[in-house]
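Data first, discussion second: the structure below is written as structure tokens.
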Amino acid sequence: MHLGVNIDHIATLRQARLTTYPDPIAAAHLCIAGGADGITAHLREDRRHIQDEDMKTLARLANEGVLHLNMEMAVTDEMVRIACALKPQAVCLVPEKRQELTTEGGLDVAGHIDRMKDAVQKLSASGCRVSMFIDPTQIQIDASQRVGAPVIELHTGHFANLEGEAQQHELKAIADAASYAKSLGLMVHAGHGLTLENTPAMVNIPEIEGLNIGHAIVADAVFKGLKCATADFKALIKRD
């Protein structure tokens, strides 16, 4: 199972004081040393954490074969232009609101087919593998396939925030969505709100090939270091 580590919150800590440290690029190297298969970074429109120079450096390292880069981005002309210029191996299109603390739900692909299709075509032509960050519903999966995205990332944030029967209901929705997407030939990833405690539920869904985890790994790193925190998640998602 592929583990992508999101390093946004390393940059969040740096930006809190507008210092040069901690360096998200150094963090990326530690994550790779800890067993991460890739690095995820979100260049937000408001530049609240990852900055343009960070993404340029990550893209250079990706193009040199040092790491696999998954660039998260809103579907805007500016971000499409930046991604097409940087050419990361992967791009994940996500919804974005200025006032939110973090991404609150999946992208409405079905409601913006033409806009999404145009972005996917441009990004794919630049050599980026495009993923759509969506809620686990059939309508959004069908729309993702319709716009030409080869990968979906199922939003697990609602699952992570629920408990008991409600959480099990959401878990079934994720499993059903993963199975349906796989039947259409789509690659399935998942992420958001995953921790050492709830990640095993995702590992048990065979159609999910990769997880993107950020906040929990960075939080754990406060106590045991980034390399160790990454290694713990990598060990957790290992399949027989």
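Please note that chains go A, B, ... in the order of the structure tokens, that every chain numbers its residues from 1, and that ligands are numbered from 1 in the order shown.
Close contacts of Ser144 (chain A), defined as residues with an atom at most 9 Å away when counting only C-alpha atoms, with chain neighbours fewer than 2 positions off set aside, comprise Val109, Ala110, Ile113, Met116, Lys117, Ser131, Met132, Ile134, Ile139, Gln140, Ile141, Asp142, Arg146, Val147, Gly148, Ala149, Pro150, Val151 and Ile152 of chain A.
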| field | Residue contacts of Thr76 (chain A) (9 Å, only C-alpha atoms) excluding same-chain residues fewer than 5 positions away, as number ranges by chain | value | A: 45, 81, 119
According to DSSP computed on the backbone, where in region 17-162 of chain A is there alpha helix (DSSP H)? Give the residues as a JSON list (two decimals) with N, CA and C atoms, in the first residue's frame.
```
[["chain", "number", "residue", "atom", "x", "y", "z"],
["A", 17, "ARG", "N", 5.71, 31.94, 12.29],
["A", 17, "ARG", "CA", 6.67, 32.97, 12.69],
["A", 17, "ARG", "C", 7.39, 33.60, 11.50],
["A", 24, "PRO", "N", 10.27, 22.46, 5.08],
["A", 24, "PRO", "CA", 9.49, 21.33, 4.56],
["A", 24, "PRO", "C", 10.26, 20.44, 3.60],
["A", 25, "ILE", "N", 11.30, 20.97, 2.98],
["A", 25, "ILE", "CA", 12.11, 20.13, 2.08],
["A", 25, "ILE", "C", 12.92, 19.14, 2.89],
["A", 26, "ALA", "N", 13.50, 19.60, 4.00],
["A", 26, "ALA", "CA", 14.20, 18.68, 4.90],
["A", 26, "ALA", "C", 13.22, 17.65, 5.45],
["A", 27, "ALA", "N", 12.00, 18.08, 5.73],
["A", 27, "ALA", "CA", 10.97, 17.15, 6.21],
["A", 27, "ALA", "C", 10.67, 16.08, 5.17],
["A", 28, "ALA", "N", 10.61, 16.47, 3.91],
["A", 28, "ALA", "CA", 10.34, 15.51, 2.84],
["A", 28, "ALA", "C", 11.40, 14.42, 2.81],
["A", 29, "HIS", "N", 12.66, 14.81, 2.96],
["A", 29, "HIS", "CA", 13.75, 13.83, 2.96],
["A", 29, "HIS", "C", 13.63, 12.87, 4.14],
["A", 30, "LEU", "N", 13.24, 13.38, 5.31],
["A", 30, "LEU", "CA", 13.06, 12.53, 6.48],
["A", 30, "LEU", "C", 11.91, 11.55, 6.28],
["A", 31, "CYS", "N", 10.84, 12.02, 5.65],
["A", 31, "CYS", "CA", 9.69, 11.15, 5.39],
["A", 31, "CYS", "C", 10.09, 10.01, 4.45],
["A", 32, "ILE", "N", 10.84, 10.33, 3.42],
["A", 32, "ILE", "CA", 11.31, 9.30, 2.50],
["A", 32, "ILE", "C", 12.21, 8.31, 3.24],
["A", 33, "ALA", "N", 13.08, 8.82, 4.11],
["A", 33, "ALA", "CA", 13.95, 7.94, 4.90],
["A", 33, "ALA", "C", 13.14, 7.04, 5.83],
["A", 52, "ASP", "N", 5.45, 29.00, -3.02],
["A", 52, "ASP", "CA", 5.82, 28.69, -4.40],
["A", 52, "ASP", "C", 7.23, 28.11, -4.50],
["A", 53, "GLU", "N", 8.16, 28.66, -3.74],
["A", 53, "GLU", "CA", 9.53, 28.15, -3.79],
["A", 53, "GLU", "C", 9.63, 26.73, -3.25],
["A", 54, "ASP", "N", 8.82, 26.42, -2.24],
["A", 54, "ASP", "CA", 8.78, 25.04, -1.74],
["A", 54, "ASP", "C", 8.38, 24.09, -2.85],
["A", 55, "MET", "N", 7.31, 24.45, -3.56],
["A", 55, "MET", "CA", 6.79, 23.57, -4.60],
["A", 55, "MET", "C", 7.77, 23.46, -5.76],
["A", 56, "LYS", "N", 8.45, 24.54, -6.07],
["A", 56, "LYS", "CA", 9.46, 24.48, -7.14],
["A", 56, "LYS", "C", 10.58, 23.52, -6.77],
["A", 57, "THR", "N", 11.02, 23.59, -5.52],
["A", 57, "THR", "CA", 12.10, 22.70, -5.08],
["A", 57, "THR", "C", 11.65, 21.25, -5.06],
["A", 58, "LEU", "N", 10.44, 21.00, -4.57],
["A", 58, "LEU", "CA", 9.90, 19.65, -4.55],
["A", 58, "LEU", "C", 9.76, 19.10, -5.97],
["A", 59, "ALA", "N", 9.30, 19.95, -6.89],
["A", 59, "ALA", "CA", 9.14, 19.51, -8.28],
["A", 59, "ALA", "C", 10.49, 19.19, -8.91],
["A", 60, "ARG", "N", 11.50, 19.98, -8.57],
["A", 60, "ARG", "CA", 12.84, 19.71, -9.09],
["A", 60, "ARG", "C", 13.35, 18.36, -8.58],
["A", 61, "LEU", "N", 13.15, 18.11, -7.29],
["A", 61, "LEU", "CA", 13.56, 16.83, -6.72],
["A", 61, "LEU", "C", 12.79, 15.67, -7.34],
["A", 62, "ALA", "N", 11.52, 15.93, -7.63],
["A", 62, "ALA", "CA", 10.71, 14.90, -8.28],
["A", 62, "ALA", "C", 11.22, 14.60, -9.69],
["A", 63, "ASN", "N", 11.52, 15.66, -10.42],
["A", 63, "ASN", "CA", 12.01, 15.47, -11.78],
["A", 63, "ASN", "C", 13.40, 14.84, -11.82],
["A", 77, "ASP", "N", -7.23, 28.75, -12.72],
["A", 77, "ASP", "CA", -6.31, 28.98, -13.84],
["A", 77, "ASP", "C", -4.88, 29.12, -13.35],
["A", 78, "GLU", "N", -4.70, 29.84, -12.22],
["A", 78, "GLU", "CA", -3.36, 30.04, -11.69],
["A", 78, "GLU", "C", -2.70, 28.71, -11.33],
["A", 79, "MET", "N", -3.43, 27.86, -10.61],
["A", 79, "MET", "CA", -2.84, 26.60, -10.15],
["A", 79, "MET", "C", -2.59, 25.64, -11.32],
["A", 80, "VAL", "N", -3.48, 25.61, -12.26],
["A", 80, "VAL", "CA", -3.27, 24.75, -13.44],
["A", 80, "VAL", "C", -2.02, 25.21, -14.19],
["A", 81, "ARG", "N", -1.86, 26.51, -14.31],
["A", 81, "ARG", "CA", -0.68, 27.06, -14.99],
["A", 81, "ARG", "C", 0.61, 26.69, -14.23],
["A", 82, "ILE", "N", 0.59, 26.80, -12.91],
["A", 82, "ILE", "CA", 1.77, 26.46, -12.11],
["A", 82, "ILE", "C", 2.10, 24.97, -12.24],
["A", 83, "ALA", "N", 1.08, 24.13, -12.12],
["A", 83, "ALA", "CA", 1.31, 22.69, -12.20],
["A", 83, "ALA", "C", 1.82, 22.27, -13.57],
["A", 84, "CYS", "N", 1.29, 22.87, -14.61],
["A", 84, "CYS", "CA", 1.74, 22.53, -15.96],
["A", 84, "CYS", "C", 3.20, 22.94, -16.17],
["A", 85, "ALA", "N", 3.62, 23.98, -15.48],
["A", 85, "ALA", "CA", 5.02, 24.42, -15.60],
["A", 85, "ALA", "C", 5.94, 23.54, -14.76],
["A", 86, "LEU", "N", 5.50, 23.14, -13.56],
["A", 86, "LEU", "CA", 6.35, 22.35, -12.66],
["A", 86, "LEU", "C", 6.38, 20.88, -13.03],
["A", 113, "ILE", "N", -18.51, 19.74, -14.66],
["A", 113, "ILE", "CA", -17.90, 18.80, -15.61],
["A", 113, "ILE", "C", -16.97, 19.50, -16.60],
["A", 114, "ASP", "N", -17.43, 20.55, -17.24],
["A", 114, "ASP", "CA", -16.62, 21.21, -18.27],
["A", 114, "ASP", "C", -15.34, 21.80, -17.69],
["A", 115, "ARG", "N", -15.46, 22.45, -16.55],
["A", 115, "ARG", "CA", -14.29, 23.05, -15.90],
["A", 115, "ARG", "C", -13.28, 21.98, -15.51],
["A", 116, "MET", "N", -13.78, 20.87, -14.94],
["A", 116, "MET", "CA", -12.89, 19.79, -14.51],
["A", 116, "MET", "C", -12.23, 19.11, -15.71],
["A", 117, "LYS", "N", -13.00, 18.89, -16.74],
["A", 117, "LYS", "CA", -12.46, 18.22, -17.93],
["A", 117, "LYS", "C", -11.35, 19.05, -18.56],
["A", 118, "ASP", "N", -11.53, 20.36, -18.60],
["A", 118, "ASP", "CA", -10.51, 21.23, -19.18],
["A", 118, "ASP", "C", -9.22, 21.17, -18.36],
["A", 119, "ALA", "N", -9.36, 21.20, -17.03],
["A", 119, "ALA", "CA", -8.18, 21.13, -16.17],
["A", 119, "ALA", "C", -7.47, 19.79, -16.32],
["A", 120, "VAL", "N", -8.23, 18.71, -16.33],
["A", 120, "VAL", "CA", -7.65, 17.38, -16.46],
["A", 120, "VAL", "C", -6.90, 17.24, -17.78],
["A", 121, "GLN", "N", -7.48, 17.75, -18.84],
["A", 121, "GLN", "CA", -6.83, 17.66, -20.15],
["A", 121, "GLN", "C", -5.51, 18.42, -20.18],
["A", 122, "LYS", "N", -5.50, 19.62, -19.62],
["A", 122, "LYS", "CA", -4.28, 20.42, -19.61],
["A", 122, "LYS", "C", -3.20, 19.77, -18.75],
["A", 123, "LEU", "N", -3.58, 19.30, -17.57],
["A", 123, "LEU", "CA", -2.62, 18.69, -16.66],
["A", 123, "LEU", "C", -2.09, 17.37, -17.22],
["A", 124, "SER", "N", -2.97, 16.59, -17.80],
["A", 124, "SER", "CA", -2.55, 15.31, -18.39],
["A", 124, "SER", "C", -1.60, 15.53, -19.56],
["A", 125, "ALA", "N", -1.88, 16.56, -20.35],
["A", 125, "ALA", "CA", -1.01, 16.87, -21.49],
["A", 125, "ALA", "C", 0.39, 17.29, -21.03],
["A", 138, "GLN", "N", -21.35, 7.45, -5.83],
["A", 138, "GLN", "CA", -21.28, 6.97, -7.21],
["A", 138, "GLN", "C", -21.33, 8.11, -8.21],
["A", 139, "ILE", "N", -22.11, 9.15, -7.93],
["A", 139, "ILE", "CA", -22.22, 10.25, -8.89],
["A", 139, "ILE", "C", -20.89, 10.96, -9.08],
["A", 140, "GLN", "N", -20.12, 11.11, -8.00],
["A", 140, "GLN", "CA", -18.82, 11.78, -8.12],
["A", 140, "GLN", "C", -17.78, 10.86, -8.77],
["A", 141, "ILE", "N", -17.89, 9.57, -8.52],
["A", 141, "ILE", "CA", -16.99, 8.62, -9.18],
["A", 141, "ILE", "C", -17.25, 8.60, -10.68],
["A", 142, "ASP", "N", -18.52, 8.53, -11.06],
["A", 142, "ASP", "CA", -18.87, 8.54, -12.48],
["A", 142, "ASP", "C", -18.38, 9.82, -13.15],
["A", 143, "ALA", "N", -18.54, 10.94, -12.46],
["A", 143, "ALA", "CA", -18.11, 12.23, -13.02],
["A", 143, "ALA", "C", -16.60, 12.27, -13.17],
["A", 144, "SER", "N", -15.87, 11.71, -12.22],
["A", 144, "SER", "CA", -14.41, 11.68, -12.29],
["A", 144, "SER", "C", -13.94, 10.89, -13.51],
["A", 145, "GLN", "N", -14.60, 9.76, -13.74],
["A", 145, "GLN", "CA", -14.26, 8.98, -14.93],
["A", 145, "GLN", "C", -14.61, 9.76, -16.20],
["A", 146, "ARG", "N", -15.73, 10.44, -16.16],
["A", 146, "ARG", "CA", -16.19, 11.20, -17.34],
["A", 146, "ARG", "C", -15.22, 12.31, -17.73],
["A", 157, "GLY", "N", -12.50, 12.15, 5.75],
["A", 157, "GLY", "CA", -12.65, 13.06, 6.87],
["A", 157, "GLY", "C", -13.92, 12.85, 7.67],
["A", 158, "HIS", "N", -15.03, 12.59, 6.97],
["A", 158, "HIS", "CA", -16.29, 12.36, 7.68],
["A", 158, "HIS", "C", -16.20, 11.07, 8.50],
["A", 159, "PHE", "N", -15.63, 10.03, 7.91],
["A", 159, "PHE", "CA", -15.41, 8.77, 8.64],
["A", 159, "PHE", "C", -14.61, 9.02, 9.91],
["A", 160, "ALA", "N", -13.54, 9.80, 9.80],
["A", 160, "ALA", "CA", -12.65, 10.05, 10.93],
["A", 160, "ALA", "C", -13.34, 10.80, 12.06],
["A", 161, "ASN", "N", -14.33, 11.61, 11.72],
["A", 161, "ASN", "CA", -14.99, 12.45, 12.72],
["A", 161, "ASN", "C", -16.21, 11.78, 13.36]]
```
Considering only C-alpha atoms, return as a PDB file with C-alpha atoms, in the first residue's frame whatever protein or nucleic-acid residues lie within 6 Å of region 66-69 of chain A, sequence-local ones (same chain, fewer than 2 positions apart) excluded.
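New file part-v7.pdb:
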```pdb
ATOM      1  CA  GLY A  38       5.688   9.876  -1.950  1.00  0.00           C
ATOM      2  CA  ILE A  39       5.317  13.440  -0.735  1.00  0.00           C
ATOM      3  CA  THR A  40       2.092  15.412  -0.897  1.00  0.00           C
ATOM      4  CA  LEU A  61      13.562  16.834  -6.716  1.00  0.00           C
ATOM      5  CA  ALA A  62      10.705  14.897  -8.282  1.00  0.00           C
ATOM      6  CA  GLU A  64      15.467  14.335 -10.610  1.00  0.00           C
ATOM      7  CA  PRO A  88       4.907  16.971 -10.751  1.00  0.00           C
ATOM      8  CA  GLN A  89       4.288  13.269 -11.295  1.00  0.00           C
TER       9      GLN A  89
END
```
| query | Which residues come within 10 Å of His49 (chain A), counting only C-alpha atoms, excluding same-chain residues fewer than 4 positions away, as a list in words? | reply |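 These residues fall inside the cut-off: Ile7, Asp8, His9, Ile10, Ala11, Thr12, Leu13, Arg14, Gln15, Ala16, Pro24, Ala41, His42, Leu43, Arg44 and Asp54 of chain A.
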| Could you name the residues that touch His189 (chain A) at 9 Å or less, counting only C-alpha atoms, but leaving out those on the same chain fewer than 2 positions away, as an NGL selection string? | :A and (2 or 131 or 133 or 151-154 or 178 or 187 or 191 or 207-212)
Filtering to N, CA and C atoms, could you give me those residues as an mmCIF file, in the first residue's frame?
```
data_model
loop_
_atom_site.group_PDB
_atom_site.id
_atom_site.type_symbol
_atom_site.label_atom_id
_atom_site.label_comp_id
_atom_site.auth_asym_id
_atom_site.auth_seq_id
_atom_site.Cartn_x
_atom_site.Cartn_y
_atom_site.Cartn_z
ATOM 1 N N HIS A 2 0.608 2.150 -0.893
ATOM 2 C CA HIS A 2 1.397 3.365 -1.063
ATOM 3 C C HIS A 2 1.085 4.368 0.054
ATOM 4 N N SER A 131 -5.655 13.158 -10.087
ATOM 5 C CA SER A 131 -6.567 12.530 -9.148
ATOM 6 C C SER A 131 -7.634 13.537 -8.732
ATOM 7 N N PHE A 133 -10.163 14.489 -5.688
ATOM 8 C CA PHE A 133 -10.460 14.279 -4.266
ATOM 9 C C PHE A 133 -11.963 14.417 -4.073
ATOM 10 N N VAL A 151 -7.401 8.590 -11.521
ATOM 11 C CA VAL A 151 -7.301 8.286 -10.089
ATOM 12 C C VAL A 151 -8.354 9.081 -9.327
ATOM 13 N N ILE A 152 -8.901 8.465 -8.283
ATOM 14 C CA ILE A 152 -9.730 9.202 -7.331
ATOM 15 C C ILE A 152 -9.110 9.044 -5.947
ATOM 16 N N GLU A 153 -9.286 10.050 -5.119
ATOM 17 C CA GLU A 153 -8.915 9.942 -3.706
ATOM 18 C C GLU A 153 -10.179 10.156 -2.891
ATOM 19 N N LEU A 154 -10.583 9.131 -2.178
ATOM 20 C CA LEU A 154 -11.810 9.201 -1.396
ATOM 21 C C LEU A 154 -11.581 9.975 -0.102
ATOM 22 N N ALA A 178 -15.017 2.437 -3.223
ATOM 23 C CA ALA A 178 -13.732 1.928 -3.692
ATOM 24 C C ALA A 178 -13.932 0.759 -4.644
ATOM 25 N N MET A 187 -7.923 4.023 -10.390
ATOM 26 C CA MET A 187 -7.054 3.770 -9.247
ATOM 27 C C MET A 187 -7.651 4.501 -8.043
ATOM 28 N N GLY A 191 -7.814 9.491 1.894
ATOM 29 C CA GLY A 191 -7.097 10.315 2.845
ATOM 30 C C GLY A 191 -7.950 11.383 3.480
ATOM 31 N N GLU A 207 -9.378 -2.527 -2.400
ATOM 32 C CA GLU A 207 -9.337 -1.696 -3.604
ATOM 33 C C GLU A 207 -8.580 -0.388 -3.405
ATOM 34 N N ILE A 208 -8.363 0.023 -2.157
ATOM 35 C CA ILE A 208 -7.619 1.255 -1.880
ATOM 36 C C ILE A 208 -6.132 0.949 -1.969
ATOM 37 N N GLU A 209 -5.452 1.588 -2.908
ATOM 38 C CA GLU A 209 -4.047 1.291 -3.181
ATOM 39 C C GLU A 209 -3.077 2.238 -2.472
ATOM 40 N N GLY A 210 -3.568 3.388 -2.028
ATOM 41 C CA GLY A 210 -2.668 4.339 -1.396
ATOM 42 C C GLY A 210 -3.398 5.254 -0.434
ATOM 43 N N LEU A 211 -2.676 5.719 0.576
ATOM 44 C CA LEU A 211 -3.216 6.659 1.553
ATOM 45 C C LEU A 211 -2.335 7.891 1.602
ATOM 46 N N ASN A 212 -2.958 9.048 1.747
ATOM 47 C CA ASN A 212 -2.227 10.297 1.957
ATOM 48 C C ASN A 212 -2.536 10.783 3.372
#
```
